[in-house]
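Chemist: Handing over run37.pdb, PDB, C-alpha atoms and all ligand atoms.
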```
ATOM      1  CA  MET F   1      15.898  15.141   1.408
ATOM      2  CA  GLN F   2      14.956  15.906   5.017
ATOM      3  CA  GLN F   3      14.659  19.615   4.111
ATOM      4  CA  ASP F   4      11.686  18.749   1.843
ATOM      5  CA  ILE F   5       9.771  17.205   4.756
ATOM      6  CA  LEU F   6       7.437  19.544   6.629
ATOM      7  CA  GLU F   7       6.773  17.186   9.533
ATOM      8  CA  VAL F   8       7.732  13.609  10.366
ATOM      9  CA  LEU F   9       4.536  11.710  11.257
ATOM     10  CA  PHE F  10       5.902   8.188  11.780
ATOM     11  CA  THR F  11       9.455   7.328  12.789
ATOM     12  CA  GLU F  12      11.248   4.200  11.665
ATOM     13  CA  GLU F  13      10.623   2.659  15.090
ATOM     14  CA  MET F  14       6.892   3.435  15.048
ATOM     15  CA  ILE F  15       6.606   1.853  11.609
ATOM     16  CA  GLN F  16       8.537  -1.266  12.559
ATOM     17  CA  ASP F  17       6.472  -1.754  15.749
ATOM     18  CA  LYS F  18       3.262  -1.469  13.749
ATOM     19  CA  VAL F  19       4.463  -3.869  11.061
ATOM     20  CA  ARG F  20       5.206  -6.417  13.784
ATOM     21  CA  GLU F  21       1.638  -6.043  15.142
ATOM     22  CA  LEU F  22       0.120  -6.465  11.682
ATOM     23  CA  GLY F  23       2.252  -9.526  10.979
ATOM     24  CA  ALA F  24       1.134 -11.095  14.257
ATOM     25  CA  ALA F  25      -2.549 -10.409  13.507
ATOM     26  CA  ILE F  26      -2.322 -11.916  10.021
ATOM     27  CA  SER F  27      -0.409 -14.933  11.355
ATOM     28  CA  ARG F  28      -3.187 -15.544  13.896
ATOM     29  CA  ASP F  29      -5.993 -15.140  11.359
ATOM     30  CA  TYR F  30      -4.354 -17.340   8.714
ATOM     31  CA  THR F  31      -3.093 -20.173  10.907
ATOM     32  CA  GLY F  32      -3.144 -23.388   8.873
ATOM     33  CA  LYS F  33      -3.490 -21.476   5.575
ATOM     34  CA  SER F  34      -1.034 -20.486   2.901
ATOM     35  CA  PRO F  35      -2.178 -17.121   1.541
ATOM     36  CA  LEU F  36      -0.741 -15.376  -1.473
ATOM     37  CA  PHE F  37       0.580 -11.917  -0.558
ATOM     38  CA  ILE F  38       0.146  -9.562  -3.503
ATOM     39  CA  CYS F  39       2.446  -6.563  -3.334
ATOM     40  CA  ILE F  40       1.297  -3.489  -5.242
ATOM     41  CA  LEU F  41       4.425  -1.972  -6.725
ATOM     42  CA  LYS F  42       6.101   0.243  -6.331
ATOM     43  CA  GLY F  43       4.849   1.909  -3.166
ATOM     44  CA  ALA F  44       4.280  -1.238  -1.092
ATOM     45  CA  VAL F  45       7.732  -2.697  -1.663
ATOM     46  CA  MET F  46       9.215  -1.751   1.747
ATOM     47  CA  PHE F  47       6.067  -2.740   3.631
ATOM     48  CA  MET F  48       5.807  -6.091   1.846
ATOM     49  CA  ALA F  49       9.408  -6.979   2.624
ATOM     50  CA  ASP F  50       9.086  -6.117   6.327
ATOM     51  CA  LEU F  51       5.569  -7.517   6.791
ATOM     52  CA  ALA F  52       6.421 -10.865   5.203
ATOM     53  CA  LYS F  53       9.329 -11.278   7.644
ATOM     54  CA  ARG F  54       6.993 -10.630  10.592
ATOM     55  CA  THR F  55       4.327 -13.096   9.391
ATOM     56  CA  ASP F  56       4.867 -16.598  10.682
ATOM     57  CA  ILE F  57       2.903 -18.739   8.193
ATOM     58  CA  PRO F  58       3.881 -20.394   4.884
ATOM     59  CA  LEU F  59       2.839 -17.493   2.676
ATOM     60  CA  GLU F  60       3.685 -17.010  -0.976
ATOM     61  CA  MET F  61       4.403 -13.711  -2.712
ATOM     62  CA  ASP F  62       3.585 -12.170  -6.030
ATOM     63  CA  PHE F  63       3.912  -8.652  -7.411
ATOM     64  CA  MET F  64       1.752  -6.398  -9.503
ATOM     65  CA  ALA F  65       2.705  -2.916 -10.702
ATOM     66  CA  ILE F  66      -0.165  -0.442 -10.851
ATOM     67  CA  SER F  67       0.010   3.292 -11.355
ATOM     68  CA  SER F  68      -2.481   6.120 -11.343
ATOM     69  CA  TYR F  69      -0.597   9.076  -9.877
ATOM     70  CA  GLY F  70       2.279   9.538 -12.338
ATOM     71  CA  ASP F  71       4.233  12.622 -11.240
ATOM     72  CA  SER F  72       1.239  14.215  -9.506
ATOM     73  CA  THR F  73      -0.115  14.393  -5.954
ATOM     74  CA  LYS F  74      -3.653  13.714  -7.254
ATOM     75  CA  SER F  75      -4.941  10.461  -8.744
ATOM     76  CA  SER F  76      -5.429  10.667 -12.511
ATOM     77  CA  GLY F  77      -8.485   8.465 -11.988
ATOM     78  CA  VAL F  78      -7.109   6.042 -14.574
ATOM     79  CA  VAL F  79      -5.658   2.894 -13.043
ATOM     80  CA  ARG F  80      -3.083   1.208 -15.291
ATOM     81  CA  ILE F  81      -1.561  -2.252 -14.848
ATOM     82  CA  LEU F  82       2.132  -2.003 -15.702
ATOM     83  CA  LYS F  83       2.959  -5.569 -14.646
ATOM     84  CA  ASP F  84       0.470  -8.353 -13.990
ATOM     85  CA  LEU F  85       0.774 -11.236 -11.531
ATOM     86  CA  ASP F  86       2.831 -14.308 -12.437
ATOM     87  CA  LYS F  87       0.644 -16.711 -10.445
ATOM     88  CA  GLU F  88      -2.901 -17.973 -10.890
ATOM     89  CA  VAL F  89      -5.201 -16.684  -8.158
ATOM     90  CA  GLU F  90      -8.206 -18.960  -8.733
ATOM     91  CA  GLY F  91      -9.195 -20.669  -5.476
ATOM     92  CA  ARG F  92      -6.488 -18.874  -3.469
ATOM     93  CA  ASP F  93      -6.689 -16.838  -0.271
ATOM     94  CA  LEU F  94      -5.269 -13.455  -1.280
ATOM     95  CA  ILE F  95      -3.893 -10.667   0.865
ATOM     96  CA  ILE F  96      -3.375  -7.443  -1.061
ATOM     97  CA  VAL F  97      -0.479  -5.507   0.464
ATOM     98  CA  GLU F  98      -0.674  -1.736  -0.064
ATOM     99  CA  ASP F  99       1.254   1.204   1.289
ATOM    100  CA  ILE F 100      -1.690   3.626   1.275
ATOM    101  CA  ILE F 101      -5.386   3.810   0.471
ATOM    102  CA  ASP F 102      -6.292   7.349  -0.540
ATOM    103  CA  SER F 103      -9.093   7.784  -3.119
ATOM    104  CA  GLY F 104      -9.530   3.987  -3.061
ATOM    105  CA  LEU F 105      -9.553   3.809  -6.880
ATOM    106  CA  THR F 106      -6.516   1.529  -7.127
ATOM    107  CA  LEU F 107      -7.899  -1.034  -4.704
ATOM    108  CA  SER F 108     -11.454  -0.994  -5.911
ATOM    109  CA  TYR F 109     -10.196  -1.670  -9.452
ATOM    110  CA  LEU F 110      -7.881  -4.393  -8.257
ATOM    111  CA  ARG F 111     -10.386  -6.115  -5.993
ATOM    112  CA  ASN F 112     -12.874  -6.370  -8.861
ATOM    113  CA  LEU F 113     -10.201  -7.773 -11.138
ATOM    114  CA  LEU F 114      -9.176 -10.449  -8.623
ATOM    115  CA  LEU F 115     -12.802 -11.377  -7.925
ATOM    116  CA  GLN F 116     -13.300 -11.906 -11.666
ATOM    117  CA  ARG F 117     -10.318 -14.239 -11.571
ATOM    118  CA  ASN F 118     -12.161 -16.336  -8.958
ATOM    119  CA  ALA F 119     -10.020 -15.811  -5.887
ATOM    120  CA  LYS F 120     -11.333 -17.794  -2.885
ATOM    121  CA  SER F 121     -10.968 -14.852  -0.498
ATOM    122  CA  ILE F 122      -9.504 -11.357  -0.676
ATOM    123  CA  ARG F 123      -8.339  -9.250   2.235
ATOM    124  CA  ILE F 124      -6.541  -5.923   2.171
ATOM    125  CA  VAL F 125      -3.708  -4.807   4.428
ATOM    126  CA  THR F 126      -2.487  -1.243   4.146
ATOM    127  CA  LEU F 127       0.068   0.503   6.290
ATOM    128  CA  PHE F 128      -1.568   3.910   5.826
ATOM    129  CA  ASP F 129      -5.221   4.795   5.429
ATOM    130  CA  LYS F 130      -6.316   8.298   4.385
ATOM    131  CA  PRO F 131     -10.121   8.103   4.872
ATOM    132  CA  GLU F 132     -10.715  11.764   3.956
ATOM    133  CA  GLY F 133      -9.298  11.123   0.488
ATOM    134  CA  ARG F 134     -11.874   8.483  -0.394
ATOM    135  CA  THR F 135     -13.993   8.839  -3.548
ATOM    136  CA  VAL F 136     -15.110   5.174  -3.676
ATOM    137  CA  ASN F 137     -16.348   2.941  -0.909
ATOM    138  CA  ILE F 138     -13.547   0.605   0.109
ATOM    139  CA  SER F 139     -11.890  -0.122   3.440
ATOM    140  CA  PRO F 140      -8.971  -2.280   4.551
ATOM    141  CA  ASN F 141      -9.220  -5.432   6.692
ATOM    142  CA  TYR F 142      -5.981  -4.462   8.418
ATOM    143  CA  PHE F 143      -4.402  -1.015   8.621
ATOM    144  CA  GLY F 144      -1.419   0.447  10.412
ATOM    145  CA  PHE F 145      -2.120   4.173  10.794
ATOM    146  CA  GLN F 146      -4.779   6.640   9.736
ATOM    147  CA  VAL F 147      -3.207   9.696   8.144
ATOM    148  CA  PRO F 148      -4.473  13.256   7.603
ATOM    149  CA  ASN F 149      -5.501  14.499   4.160
ATOM    150  CA  ARG F 150      -1.966  15.636   3.245
ATOM    151  CA  PHE F 151       0.509  14.243   0.738
ATOM    152  CA  ILE F 152       2.949  12.007   2.582
ATOM    153  CA  VAL F 153       6.200  10.387   1.449
ATOM    154  CA  GLY F 154       8.764   7.883   2.703
ATOM    155  CA  TYR F 155       8.995   4.131   3.347
ATOM    156  CA  GLY F 156       7.988   3.340  -0.251
ATOM    157  CA  LEU F 157       5.654   6.311  -0.758
ATOM    158  CA  ASP F 158       6.881   8.692  -3.437
ATOM    159  CA  TYR F 159       6.441  12.000  -5.110
ATOM    160  CA  ALA F 160       7.599  11.742  -8.762
ATOM    161  CA  ASP F 161       9.403   8.512  -7.816
ATOM    162  CA  LYS F 162      11.521  10.189  -5.118
ATOM    163  CA  TYR F 163      11.572   9.892  -1.287
ATOM    164  CA  ARG F 164      10.714   6.170  -1.327
ATOM    165  CA  ASN F 165      13.984   5.386   0.442
ATOM    166  CA  LEU F 166      13.287   7.508   3.541
ATOM    167  CA  PRO F 167      13.032   5.110   6.505
ATOM    168  CA  TYR F 168      10.361   7.348   8.113
ATOM    169  CA  VAL F 169       7.138   8.897   6.767
ATOM    170  CA  GLY F 170       6.336  12.593   6.720
ATOM    171  CA  ILE F 171       4.319  15.351   5.073
ATOM    172  CA  LEU F 172       5.960  16.669   1.917
ATOM    173  CA  ARG F 173       6.393  20.448   1.859
ATOM    174  CA  PRO F 174       3.767  21.803  -0.578
ATOM    175  CA  GLU F 175       6.448  24.083  -2.126
ATOM    176  CA  VAL F 176       8.035  20.927  -3.562
ATOM    177  CA  TYR F 177       5.052  20.176  -5.806
ATOM    178  CA  SER F 178       3.078  23.441  -6.077
ATOM    179  CA  HIS F 179       4.957  25.284  -8.789
TER     180      HIS F 179
HETATM  181  O1  LIG S 201      -6.221   5.010  -3.195
HETATM  182  P1  LIG S 201      -5.557   5.641  -4.370
HETATM  183  O2  LIG S 201      -5.953   7.088  -4.523
HETATM  184  O3  LIG S 201      -5.729   4.881  -5.636
HETATM  185  O4  LIG S 201      -3.994   5.752  -4.035
HETATM  186  C1  LIG S 201      -3.222   4.683  -3.575
HETATM  187  C2  LIG S 201      -2.231   4.243  -4.595
HETATM  188  O5  LIG S 201      -1.418   5.326  -5.031
HETATM  189  C3  LIG S 201      -0.052   4.990  -4.945
HETATM  190  O6  LIG S 201       0.378   4.364  -6.120
HETATM  191  P2  LIG S 201       0.889   5.150  -7.420
HETATM  192  O7  LIG S 201      -0.164   5.157  -8.470
HETATM  193  O8  LIG S 201       1.452   6.484  -7.006
HETATM  194  O9  LIG S 201       2.080   4.199  -7.937
HETATM  195  P3  LIG S 201       3.412   3.765  -7.114
HETATM  196  O10 LIG S 201       2.971   2.771  -6.066
HETATM  197  O11 LIG S 201       4.291   3.150  -8.136
HETATM  198  O12 LIG S 201       3.992   5.010  -6.480
HETATM  199  C4  LIG S 201      -0.027   4.014  -3.785
HETATM  200  O13 LIG S 201       1.113   3.188  -3.822
HETATM  201  C5  LIG S 201      -1.298   3.229  -3.947
HETATM  202  O14 LIG S 201      -1.148   2.118  -4.809
HETATM  203  O1  LIG S 202      -0.213  10.744   0.258
HETATM  204  C1  LIG S 202       0.298  10.032  -0.654
HETATM  205  N1  LIG S 202       1.646   9.962  -0.819
HETATM  206  C2  LIG S 202       2.228   9.187  -1.784
HETATM  207  N2  LIG S 202       1.534   8.474  -2.658
HETATM  208  C3  LIG S 202       0.189   8.500  -2.552
HETATM  209  N3  LIG S 202      -0.736   7.874  -3.302
HETATM  210  C4  LIG S 202      -1.923   8.194  -2.805
HETATM  211  N4  LIG S 202      -1.796   9.057  -1.754
HETATM  212  C5  LIG S 202      -0.470   9.257  -1.574
END
```
Would you mind writing the file out in structure tokens?
Modeler:
Amino acid sequence: MQQDILEVLFTEEMIQDKVRELGAAISRDYTGKSPLFICILKGAVMFMADLAKRTDIPLEMDFMAISSYGDSTKSSGVVRILKDLDKEVEGRDLIIVEDIIDSGLTLSYLRNLLLQRNAKSIRIVTLFDKPEGRTVNISPNYFGFQVPNRFIVGYGLDYADKYRNLPYVGILRPEVYSH
């Protein structure tokens, strides 16, 4: 798979160091609380697993599957819930765990949905933030790295469901998707 990667942007070590920092910040901010971490499947699965281990508070976890990209490198603009949460969120402190914010459509849809369900508080943690991709106004409370306006894969991030298992993150060669 390495031959499909144009440039590695973040090594496994860089990612793990950053996840540790984010876990420490969330642990500090949520001392004495028991937030519900909401993992947005599938992309955030690696980040959720590592971040939860680096967060030293009695958190709980739930999972929601949302998709808008399908097999494309551009958002379809239609956000679909493929699997909803198991837990009630009313009155809870929520932390939405995302791998990347690009257009922002996924998170703006989700934040509105969780507000309607009467969450007590909602914060967003994303490992990657692509501000140049934004079409709606949303920003994370915690982010790991800002990334350029290129399609990246690895550490949960996919193209057509592949490359999620790379332990590093890099720019996908445009030849892979432009034909
Ligand atoms: O800010 P946006 O433009 O909405 O993009 C971000 C979303 O896109 C990806 O999900 P995708 O729909 O590809 O599903 P996946 O997580 O299963 O890969 C990613 O995991 C984020 O959830
Ligand atoms: O750059 C990206 N890579 C993978 N999935 C994504 N979903 C939004 N942006 C991206």
Chemist: Could you give me, as a ChimeraX atom specification, the residues that sit within 12 Å of (-14.0, -11.1, -4.6) in the file's coordinates, counting all atoms listed in the file?
Modeler: /F:89-96,107-124
Chemist: Restricting the output to C-alpha atoms, write the selected residues as a compact mmCIF listing (two decimals), keeping the file's coordinate frame.
Modeler:
```txt
# COMPACT_ATOMS: atom_id res chain seq x y z
CA VAL F 89 -5.20 -16.68 -8.16
CA GLU F 90 -8.21 -18.96 -8.73
CA GLY F 91 -9.20 -20.67 -5.48
CA ARG F 92 -6.49 -18.87 -3.47
CA ASP F 93 -6.69 -16.84 -0.27
CA LEU F 94 -5.27 -13.46 -1.28
CA ILE F 95 -3.89 -10.67 0.86
CA ILE F 96 -3.38 -7.44 -1.06
CA LEU F 107 -7.90 -1.03 -4.70
CA SER F 108 -11.45 -0.99 -5.91
CA TYR F 109 -10.20 -1.67 -9.45
CA LEU F 110 -7.88 -4.39 -8.26
CA ARG F 111 -10.39 -6.12 -5.99
CA ASN F 112 -12.87 -6.37 -8.86
CA LEU F 113 -10.20 -7.77 -11.14
CA LEU F 114 -9.18 -10.45 -8.62
CA LEU F 115 -12.80 -11.38 -7.92
CA GLN F 116 -13.30 -11.91 -11.67
CA ARG F 117 -10.32 -14.24 -11.57
CA ASN F 118 -12.16 -16.34 -8.96
CA ALA F 119 -10.02 -15.81 -5.89
CA LYS F 120 -11.33 -17.79 -2.88
CA SER F 121 -10.97 -14.85 -0.50
CA ILE F 122 -9.50 -11.36 -0.68
CA ARG F 123 -8.34 -9.25 2.24
CA ILE F 124 -6.54 -5.92 2.17
```
Chemist: Once the PyMOL selection byres (((chain F and resi 156-159) around 10) and not hetatm) is applied to the coordinates I shared, what remains selected? I want it as a compact mmCIF listing (two decimals) with C-alpha atoms, in the frame of the given file.
Modeler:
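What ended up in expr28.txt:
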```txt
# COMPACT_ATOMS: atom_id res chain seq x y z
CA LEU F 41 4.42 -1.97 -6.72
CA LYS F 42 6.10 0.24 -6.33
CA GLY F 43 4.85 1.91 -3.17
CA ALA F 44 4.28 -1.24 -1.09
CA VAL F 45 7.73 -2.70 -1.66
CA MET F 46 9.22 -1.75 1.75
CA PHE F 47 6.07 -2.74 3.63
CA MET F 48 5.81 -6.09 1.85
CA TYR F 69 -0.60 9.08 -9.88
CA GLY F 70 2.28 9.54 -12.34
CA ASP F 71 4.23 12.62 -11.24
CA SER F 72 1.24 14.22 -9.51
CA THR F 73 -0.12 14.39 -5.95
CA ASP F 99 1.25 1.20 1.29
CA ILE F 100 -1.69 3.63 1.27
CA PHE F 151 0.51 14.24 0.74
CA ILE F 152 2.95 12.01 2.58
CA VAL F 153 6.20 10.39 1.45
CA GLY F 154 8.76 7.88 2.70
CA TYR F 155 8.99 4.13 3.35
CA ALA F 160 7.60 11.74 -8.76
CA ASP F 161 9.40 8.51 -7.82
CA LYS F 162 11.52 10.19 -5.12
CA TYR F 163 11.57 9.89 -1.29
CA ARG F 164 10.71 6.17 -1.33
CA ASN F 165 13.98 5.39 0.44
CA LEU F 166 13.29 7.51 3.54
CA PRO F 167 13.03 5.11 6.50
CA TYR F 168 10.36 7.35 8.11
CA VAL F 169 7.14 8.90 6.77
CA GLY F 170 6.34 12.59 6.72
CA LEU F 172 5.96 16.67 1.92
CA VAL F 176 8.04 20.93 -3.56
CA TYR F 177 5.05 20.18 -5.81
```
Chemist: Got a sec to resolve the PyMOL selection byres (((chain F and resi 81) around 7) and not hetatm) on this structure and send the residues as a PDB file with C-alpha atoms, keeping the file's coordinate frame?
Modeler:
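Output below, filename selection11.pdb:
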```
ATOM      1  CA  ALA F  65       2.705  -2.916 -10.702  1.00  0.00           C
ATOM      2  CA  ILE F  66      -0.165  -0.442 -10.851  1.00  0.00           C
ATOM      3  CA  SER F  67       0.010   3.292 -11.355  1.00  0.00           C
ATOM      4  CA  VAL F  79      -5.658   2.894 -13.043  1.00  0.00           C
ATOM      5  CA  ARG F  80      -3.083   1.208 -15.291  1.00  0.00           C
ATOM      6  CA  LEU F  82       2.132  -2.003 -15.702  1.00  0.00           C
ATOM      7  CA  LYS F  83       2.959  -5.569 -14.646  1.00  0.00           C
ATOM      8  CA  ASP F  84       0.470  -8.353 -13.990  1.00  0.00           C
TER       9      ASP F  84
END
```
Chemist: Would you write out, as JSON lines, a table of all residues in stretch 9-77 of chain F that have an atom no more than 12 Å from an atom of stretch 134-140 of chain F, listing for each the closest atom pair and the distance in Å to one decimal, considering all atoms listed in the file and ordering rows by chain and rising residue number?
Modeler:
```
{"residue": "F:Lys74", "atom": "CA", "partner": "F:Arg134", "partner_atom": "CA", "distance": 11.9}
{"residue": "F:Ser75", "atom": "CA", "partner": "F:Thr135", "partner_atom": "CA", "distance": 10.6}
{"residue": "F:Gly77", "atom": "CA", "partner": "F:Thr135", "partner_atom": "CA", "distance": 10.1}
```
Chemist: Give me the result of the PyMOL selection byres (((chain F and resi 127) around 8) and not hetatm) on this file, residue by residue, as a PyMOL selection string.
Modeler: chain F and resi 19+47+98-100+125-126+128-129+143-145
Chemist: With all atoms listed in the file as the atoms that count, which of F:Leu85, F:Val147, F:Ala49, F:Met1 lies nearest to F:Ile101?
Modeler: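 For F:Ile101, the nearest of the given residues is F:Val147.
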Chemist: Just the number, please: distance in Å from atom CA of F:Gln3 to atom CA of F:Arg173, one decimal.
Modeler: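 Interatomic distance here is 8.6 Å.
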Chemist: Please indicate the distance in Å from atom CA of F:Asn149 to atom CA of F:Ile26, rounded to one decimal place.
Modeler: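 So the two atoms, atom CA of F:Asn149 and atom CA of F:Ile26, lie 27.2 Å apart.
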Chemist: To one decimal in Å, tell me the separation between atom CA of F:Phe63 and atom CA of F:Cys39.
Modeler: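 Computing it gives 4.8 Å between the two atoms.
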Chemist: Which residues, written as a PyMOL selection string, have at least one atom at most 12 Å from stretch 27-30 of chain F, with all atoms listed in the file counted and residues fewer than 2 positions away on the same chain left out?
Modeler: chain F and resi 20-25+32-37+51-59+93-95+121+123+141-142
Chemist: Could you work out an axis-aligned box for ligand LIG 202 (chain S), taking every atom the file lists and adding 8 Å on each side, and report centre and edge lengths in Å to one decimal, as AutoDock Vina command-line options?
Modeler:
```
--center_x 0.2 --center_y 9.3 --center_z -1.5 --size_x 20.2 --size_y 18.9 --size_z 19.6
```
Chemist: Kindly indicate which residue among F:Gln2, F:Thr11, F:Gln146, F:Ser103 lies nearest to ligand LIG 202 (chain S), using all atoms listed in the file for the distances.
Modeler: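 Among the listed residues, the smallest separation from ligand LIG 202 (chain S) belongs to F:Ser103.
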Chemist: What would stretch 117-128 of chain F look like with N, CA and C atoms restored, written as a PDB file, keeping the file's coordinate frame?
Modeler:
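Result file follows (selection.pdb):
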```pdb
ATOM      1  N   ARG F 117     -11.234 -13.102 -11.363  1.00  0.00           N
ATOM      2  CA  ARG F 117     -10.318 -14.239 -11.571  1.00  0.00           C
ATOM      3  C   ARG F 117     -10.582 -15.378 -10.584  1.00  0.00           C
ATOM      4  N   ASN F 118     -11.683 -15.270  -9.848  1.00  0.00           N
ATOM      5  CA  ASN F 118     -12.161 -16.336  -8.958  1.00  0.00           C
ATOM      6  C   ASN F 118     -11.257 -16.652  -7.778  1.00  0.00           C
ATOM      7  N   ALA F 119     -10.750 -15.604  -7.144  1.00  0.00           N
ATOM      8  CA  ALA F 119     -10.020 -15.811  -5.887  1.00  0.00           C
ATOM      9  C   ALA F 119     -10.987 -16.392  -4.857  1.00  0.00           C
ATOM     10  N   LYS F 120     -10.471 -17.208  -3.931  1.00  0.00           N
ATOM     11  CA  LYS F 120     -11.333 -17.794  -2.885  1.00  0.00           C
ATOM     12  C   LYS F 120     -11.698 -16.718  -1.862  1.00  0.00           C
ATOM     13  N   SER F 121     -10.711 -15.948  -1.436  1.00  0.00           N
ATOM     14  CA  SER F 121     -10.968 -14.852  -0.498  1.00  0.00           C
ATOM     15  C   SER F 121      -9.962 -13.742  -0.778  1.00  0.00           C
ATOM     16  N   ILE F 122     -10.392 -12.512  -0.463  1.00  0.00           N
ATOM     17  CA  ILE F 122      -9.504 -11.357  -0.676  1.00  0.00           C
ATOM     18  C   ILE F 122      -9.564 -10.479   0.563  1.00  0.00           C
ATOM     19  N   ARG F 123      -8.414 -10.234   1.162  1.00  0.00           N
ATOM     20  CA  ARG F 123      -8.339  -9.250   2.235  1.00  0.00           C
ATOM     21  C   ARG F 123      -7.296  -8.211   1.861  1.00  0.00           C
ATOM     22  N   ILE F 124      -7.443  -7.039   2.480  1.00  0.00           N
ATOM     23  CA  ILE F 124      -6.541  -5.923   2.171  1.00  0.00           C
ATOM     24  C   ILE F 124      -5.804  -5.506   3.429  1.00  0.00           C
ATOM     25  N   VAL F 125      -4.479  -5.404   3.341  1.00  0.00           N
ATOM     26  CA  VAL F 125      -3.708  -4.807   4.428  1.00  0.00           C
ATOM     27  C   VAL F 125      -2.991  -3.587   3.872  1.00  0.00           C
ATOM     28  N   THR F 126      -3.189  -2.461   4.560  1.00  0.00           N
ATOM     29  CA  THR F 126      -2.487  -1.243   4.146  1.00  0.00           C
ATOM     30  C   THR F 126      -1.793  -0.659   5.366  1.00  0.00           C
ATOM     31  N   LEU F 127      -0.606  -0.116   5.145  1.00  0.00           N
ATOM     32  CA  LEU F 127       0.068   0.503   6.290  1.00  0.00           C
ATOM     33  C   LEU F 127      -0.585   1.835   6.634  1.00  0.00           C
ATOM     34  N   PHE F 128      -0.960   2.597   5.592  1.00  0.00           N
ATOM     35  CA  PHE F 128      -1.568   3.910   5.826  1.00  0.00           C
ATOM     36  C   PHE F 128      -2.949   3.981   5.192  1.00  0.00           C
TER      37      PHE F 128
END
```
